[in-house]
Amino acid sequence: MTNKKKASKPMKAIKVTSENKCSLCTGTKCCQYITLHIDTPRSMADFDTLLWQVSHRNIQFYKDSDGWFMLVVEAPCEHITETGQCGIYEIRPMICRGYSNDECEFDSSAEEGFDLFFDSYRSLDDYCRKRYKKWDKRFKKLARK
Ligand code: SF4
Ligand code: SF4
């Protein structure tokens, strides 16, 4: 005797609208991180600082059409309720009020809009070595001292 599971009925597709989108967003994606605009890094010393920072847990960097940003990931807002709602909706910060869900992480991952993205020391170090041909020379000089 076989014990086949009954095929479940296909679920009716829910039409996503800007009104219901946030309630369908598992994990309340946009409330899980913070971003900090930073000066555009130009020199090797600037990138040295970024390399130190990206070595710390949950720190990433990206560049998009608005410039360079530090991204602190896995930093959920303390006001997210157990049901994924905003617990301080009526008095939420202006930044949250100004965030539109027209095109947000529900539709596609934020990384898709980045020109550059560094989620580890290794990825940023590789970029620096390609960008600056003399990247290693400084270390050799230091070693000779
Ligand atoms: S704005 Fe977008 S990412 Fe944020 S909770 Fe709503 S659907 Fe999710
Ligand atoms: S205050 Fe509310 S809307 Fe803003 S990040 Fe926290 S949970 Fe999200």
# chains A, B, ... in the order shown; residues from 1 in each chain; ligands from 1
$ residues_near_ligand --ligand "ligand 2" --cutoff "12 Å" --atoms "only C-alpha atoms and all ligand atoms" --output "PyMOL selection string"
chain A and resi 22+27-35+75-101
$ closest_atom_pairs --of "stretch 44-110 of chain A" --to "stretch 135-142 of chain A" --cutoff "12 Å" --atoms "only C-alpha atoms" --output "CSV"
residue,atom,partner,partner_atom,distance
A:Met44,CA,A:Trp135,CA,7.4
A:Ala45,CA,A:Trp135,CA,10.3
A:Phe47,CA,A:Trp135,CA,10.4
A:Asp48,CA,A:Trp135,CA,10.2
$ write_last_selection --atoms "N, CA and C atoms" --output "mmCIF file, in the first residue's frame"
data_model
loop_
_atom_site.group_PDB
_atom_site.id
_atom_site.type_symbol
_atom_site.label_atom_id
_atom_site.label_comp_id
_atom_site.auth_asym_id
_atom_site.auth_seq_id
_atom_site.Cartn_x
_atom_site.Cartn_y
_atom_site.Cartn_z
ATOM 1 N N MET A 44 44.641 55.684 -0.837
ATOM 2 C CA MET A 44 44.910 54.381 -0.228
ATOM 3 C C MET A 44 44.611 54.429 1.266
ATOM 4 N N ALA A 45 44.918 55.585 1.883
ATOM 5 C CA ALA A 45 44.647 55.724 3.329
ATOM 6 C C ALA A 45 43.140 55.621 3.607
ATOM 7 N N PHE A 47 41.002 53.895 1.905
ATOM 8 C CA PHE A 47 40.617 52.482 1.803
ATOM 9 C C PHE A 47 41.189 51.656 2.950
ATOM 10 N N ASP A 48 42.341 52.089 3.490
ATOM 11 C CA ASP A 48 42.877 51.403 4.681
ATOM 12 C C ASP A 48 41.851 51.452 5.814
#
$ closest_residue --among "A:Thr49, A:Ser43, A:Leu24, A:Asp119" --to "A:Val72" --atoms "only C-alpha atoms"
A:Asp119
$ select_by_dssp --residues "chain A" --states "strand (DSSP E)" --output "list in words"
Ile34, Thr35, Leu36, His37, Ile38, Ile59, Gln60, Phe61, Tyr62, Lys63, Asp64, Gly67, Trp68, Phe69, Met70, Leu71, Val72, Leu116, Phe117 and Phe118 of chain A
$ closest_residue --among "A:Ile14, A:Leu71, A:Asp102, A:Asp64" --to "ligand 1" --atoms "only C-alpha atoms and all ligand atoms"
A:Asp102
$ closest_residue --among "A:Glu74, A:Arg57, A:Ser108, A:Trp68" --to "A:Tyr121" --atoms "only C-alpha atoms"
A:Arg57
$ closest_residue --among "A:Arg131, A:Glu105, A:Arg122, A:Tyr62" --to "ligand 1" --atoms "only C-alpha atoms and all ligand atoms"
A:Glu105
$ atom_distance --atom1 "atom CA of A:Val16" --atom2 "atom CA of A:Asp115"
28.2 Å
$ atom_distance --atom1 "atom CA of A:Phe114" --atom2 "atom CA of A:Met70"
12.5 Å
$ atom_distance --atom1 "atom CA of A:Ala110" --atom2 "atom CA of A:Phe61"
12.4 Å
